[in-house]
Amino acid sequence: MSRMKTAIFACVTALWAVAPAAAQDVAASGEAAPETGIEAVDPLAPRDAAEVTLEDFLWIARPIVVFADTPADPRFREQMSLLADRPEPLLERDVVIIFDTDPSARSSIRQALRPRGFSLVVMEKDGSVGFRRPSPRDVREIIRAIDNFALRQEEMQNGG
């Protein structure tokens with residue numbers, strides 16, 4: 001896990017340049033998971049909202065979407081650092097991290113969720129918004145909220 005944490009931290013420090021390359025490096029094998037047809041990539045490598053849609057993760061993962069008006073926003077940097085500090089509980093809850101720091105690009109995710117400035121949006125696997133916050137939150141608070149989602153409660157009861 002230390003290796004993964006180091007890779008995620010590298011993504012955070014130069015997020016806008018490193019995240020797409022990190023996902024490509026991890027997916028270099030190009031193999032797809034047989035049951036989903038999705039390429040095998042690091043689940044916590046931050047993904048640029050311009051390159052994915054929320055539908056890509058429907059019933060597969062819980063997107064955590066971090067919005068800011070610029071990658072230099074200190075709240076954005078703090079949130080990405082907080083997420084990188086504790087990847088294990090996020091992995092256990094099937095989280096994917098998506099970021100959008102370019103309002104002018106008008107990504108489909110930004111249009112769907114309509115943030116104002118910095119925003120943290122944690123979504124459920126069914127595509128609904130679990131919660132929104134206007135300031136950074138630590139992983140402990142995020143996983144507590146996820147564990148209270150109805151779908152997560154059902155997963156825990158069924159041993160998932």
# chains A, B, ... in the order shown; residues from 1 in each chain; ligands from 1
$ closest_atom_pairs --of "segment 51-97 of chain A" --to "segment 120-123 of chain A" --cutoff "12 Å" --atoms "only C-alpha atoms" --output "CSV"
residue,atom,partner,partner_atom,distance
A:Leu54,CA,A:Met123,CA,9.4
A:Glu55,CA,A:Met123,CA,11.7
A:Phe57,CA,A:Met123,CA,10.1
A:Leu58,CA,A:Met123,CA,9.9
A:Trp59,CA,A:Met123,CA,10.9
A:Ile60,CA,A:Met123,CA,11.6
A:Ala61,CA,A:Met123,CA,8.9
A:Arg62,CA,A:Met123,CA,5.5
A:Pro63,CA,A:Met123,CA,5.3
A:Ile64,CA,A:Val122,CA,4.5
A:Val65,CA,A:Val121,CA,5.1
A:Val66,CA,A:Leu120,CA,4.8
A:Phe67,CA,A:Leu120,CA,6.4
A:Ala68,CA,A:Leu120,CA,9.0
A:Arg75,CA,A:Leu120,CA,10.0
A:Phe76,CA,A:Leu120,CA,9.0
A:Glu78,CA,A:Leu120,CA,11.6
A:Gln79,CA,A:Leu120,CA,8.3
A:Met80,CA,A:Leu120,CA,10.3
A:Leu83,CA,A:Leu120,CA,11.3
A:Leu90,CA,A:Val122,CA,11.5
A:Arg93,CA,A:Met123,CA,11.6
A:Asp94,CA,A:Met123,CA,11.2
A:Val95,CA,A:Val122,CA,9.1
A:Val96,CA,A:Val122,CA,9.9
A:Ile97,CA,A:Val122,CA,9.4
$ write_last_selection --atoms "C-alpha atoms" --output "PDB file, in the first residue's frame"
ATOM      1  CA  LEU A  54     -20.481   9.806 -14.122  1.00  0.00           C
ATOM      2  CA  GLU A  55     -22.127   7.021 -16.122  1.00  0.00           C
ATOM      3  CA  PHE A  57     -18.930   4.495 -12.708  1.00  0.00           C
ATOM      4  CA  LEU A  58     -22.644   3.739 -12.360  1.00  0.00           C
ATOM      5  CA  TRP A  59     -23.083   0.708 -10.047  1.00  0.00           C
ATOM      6  CA  ILE A  60     -19.295   0.130 -10.134  1.00  0.00           C
ATOM      7  CA  ALA A  61     -17.800   2.805  -7.894  1.00  0.00           C
ATOM      8  CA  ARG A  62     -18.563   5.769  -5.654  1.00  0.00           C
ATOM      9  CA  PRO A  63     -17.202   8.926  -7.265  1.00  0.00           C
ATOM     10  CA  ILE A  64     -15.697  11.577  -5.040  1.00  0.00           C
ATOM     11  CA  VAL A  65     -15.664  14.701  -7.197  1.00  0.00           C
ATOM     12  CA  VAL A  66     -13.464  17.620  -6.178  1.00  0.00           C
ATOM     13  CA  PHE A  67     -14.222  20.904  -7.925  1.00  0.00           C
ATOM     14  CA  ALA A  68     -12.238  24.146  -7.881  1.00  0.00           C
ATOM     15  CA  ARG A  75      -8.761  24.116  -0.619  1.00  0.00           C
ATOM     16  CA  PHE A  76      -8.381  21.898  -3.694  1.00  0.00           C
ATOM     17  CA  GLU A  78      -5.733  20.359   0.795  1.00  0.00           C
ATOM     18  CA  GLN A  79      -8.606  18.068  -0.217  1.00  0.00           C
ATOM     19  CA  MET A  80      -6.471  16.089  -2.668  1.00  0.00           C
ATOM     20  CA  LEU A  83      -7.604  11.895   0.115  1.00  0.00           C
ATOM     21  CA  LEU A  90     -11.464   4.592   0.258  1.00  0.00           C
ATOM     22  CA  ARG A  93     -15.560   1.465  -0.283  1.00  0.00           C
ATOM     23  CA  ASP A  94     -15.004   1.344  -4.074  1.00  0.00           C
ATOM     24  CA  VAL A  95     -14.185   5.053  -4.362  1.00  0.00           C
ATOM     25  CA  VAL A  96     -12.864   6.762  -7.481  1.00  0.00           C
ATOM     26  CA  ILE A  97     -11.522  10.301  -7.313  1.00  0.00           C
TER      27      ILE A  97
END
$ closest_residue --among "A:Pro74, A:Asp42, A:Lys125, A:Gly117" --to "Asp56 of chain A" --atoms "only C-alpha atoms"
A:Lys125
$ atom_distance --atom1 "atom CA of Pro87 of chain A" --atom2 "atom CA of Asp48 of chain A"
18.2 Å
$ residues_around --residues "Leu151 of chain A" --least-positions-apart "6" --cutoff "10 Å" --atoms "only C-alpha atoms" --output "list of chain:residue names"
A:Glu124, A:Lys125, A:Asp126, A:Gln157
$ decode --residues "segment 122-154 of chain A" --atoms "N, CA and C atoms" --output "tab-separated table (two decimals), in the first residue's frame"
chain	number	residue	atom	x	y	z
A	122	VAL	N	-19.65	13.76	-2.87
A	122	VAL	CA	-19.49	12.32	-2.72
A	122	VAL	C	-20.79	11.69	-3.24
A	123	MET	N	-20.63	10.77	-4.18
A	123	MET	CA	-21.79	10.18	-4.84
A	123	MET	C	-21.96	8.72	-4.46
A	124	GLU	N	-23.18	8.23	-4.63
A	124	GLU	CA	-23.47	6.83	-4.40
A	124	GLU	C	-23.28	6.05	-5.69
A	125	LYS	N	-23.23	4.74	-5.58
A	125	LYS	CA	-23.04	3.89	-6.75
A	125	LYS	C	-24.20	4.00	-7.74
A	126	ASP	N	-25.37	4.39	-7.27
A	126	ASP	CA	-26.52	4.50	-8.16
A	126	ASP	C	-26.55	5.83	-8.91
A	127	GLY	N	-25.53	6.67	-8.70
A	127	GLY	CA	-25.42	7.94	-9.41
A	127	GLY	C	-26.02	9.12	-8.68
A	128	SER	N	-26.64	8.89	-7.52
A	128	SER	CA	-27.21	10.01	-6.77
A	128	SER	C	-26.13	10.67	-5.90
A	129	VAL	N	-26.39	11.92	-5.57
A	129	VAL	CA	-25.45	12.67	-4.72
A	129	VAL	C	-25.67	12.24	-3.28
A	130	GLY	N	-24.59	11.75	-2.65
A	130	GLY	CA	-24.64	11.38	-1.24
A	130	GLY	C	-24.58	12.61	-0.36
A	131	PHE	N	-23.58	13.46	-0.61
A	131	PHE	CA	-23.49	14.74	0.08
A	131	PHE	C	-22.54	15.68	-0.65
A	132	ARG	N	-22.71	16.97	-0.37
A	132	ARG	CA	-21.86	18.04	-0.91
A	132	ARG	C	-21.31	18.83	0.27
A	133	ARG	N	-20.07	19.31	0.11
A	133	ARG	CA	-19.48	20.16	1.13
A	133	ARG	C	-18.73	21.30	0.45
A	134	PRO	N	-18.80	22.52	1.02
A	134	PRO	CA	-18.11	23.66	0.42
A	134	PRO	C	-16.68	23.85	0.92
A	135	SER	N	-16.20	22.89	1.71
A	135	SER	CA	-14.84	22.99	2.23
A	135	SER	C	-14.25	21.58	2.32
A	136	PRO	N	-12.93	21.47	2.40
A	136	PRO	CA	-12.29	20.14	2.45
A	136	PRO	C	-12.74	19.33	3.67
A	137	ARG	N	-12.77	18.02	3.47
A	137	ARG	CA	-13.14	17.09	4.53
A	137	ARG	C	-12.10	15.98	4.59
A	138	ASP	N	-11.84	15.47	5.80
A	138	ASP	CA	-10.86	14.40	5.91
A	138	ASP	C	-11.51	13.06	5.57
A	139	VAL	N	-10.69	12.07	5.32
A	139	VAL	CA	-11.17	10.76	4.90
A	139	VAL	C	-12.07	10.14	5.96
A	140	ARG	N	-11.76	10.36	7.21
A	140	ARG	CA	-12.59	9.79	8.29
A	140	ARG	C	-14.04	10.25	8.18
A	141	GLU	N	-14.24	11.54	7.96
A	141	GLU	CA	-15.59	12.08	7.82
A	141	GLU	C	-16.26	11.54	6.56
A	142	ILE	N	-15.51	11.43	5.48
A	142	ILE	CA	-16.05	10.93	4.22
A	142	ILE	C	-16.49	9.47	4.36
A	143	ILE	N	-15.65	8.64	4.96
A	143	ILE	CA	-16.01	7.22	5.05
A	143	ILE	C	-17.17	7.00	6.02
A	144	ARG	N	-17.25	7.83	7.06
A	144	ARG	CA	-18.40	7.72	7.97
A	144	ARG	C	-19.70	8.02	7.22
A	145	ALA	N	-19.66	9.04	6.39
A	145	ALA	CA	-20.85	9.39	5.60
A	145	ALA	C	-21.18	8.28	4.61
A	146	ILE	N	-20.16	7.76	3.92
A	146	ILE	CA	-20.38	6.67	2.96
A	146	ILE	C	-20.99	5.47	3.67
A	147	ASP	N	-20.47	5.15	4.84
A	147	ASP	CA	-20.98	3.99	5.58
A	147	ASP	C	-22.44	4.16	6.02
A	148	ASN	N	-22.94	5.38	6.00
A	148	ASN	CA	-24.34	5.63	6.32
A	148	ASN	C	-25.24	5.63	5.09
A	149	PHE	N	-24.66	5.56	3.89
A	149	PHE	CA	-25.47	5.49	2.68
A	149	PHE	C	-26.23	4.17	2.69
A	150	ALA	N	-27.46	4.17	2.22
A	150	ALA	CA	-28.28	2.97	2.20
A	150	ALA	C	-27.63	1.84	1.39
A	151	LEU	N	-27.06	2.17	0.24
A	151	LEU	CA	-26.42	1.14	-0.58
A	151	LEU	C	-25.21	0.53	0.12
A	152	ARG	N	-24.45	1.34	0.83
A	152	ARG	CA	-23.30	0.83	1.56
A	152	ARG	C	-23.76	-0.05	2.72
A	153	GLN	N	-24.81	0.34	3.39
A	153	GLN	CA	-25.36	-0.47	4.48
A	153	GLN	C	-25.75	-1.85	3.96
A	154	GLU	N	-26.38	-1.87	2.78
A	154	GLU	CA	-26.77	-3.13	2.16
A	154	GLU	C	-25.55	-3.98	1.80
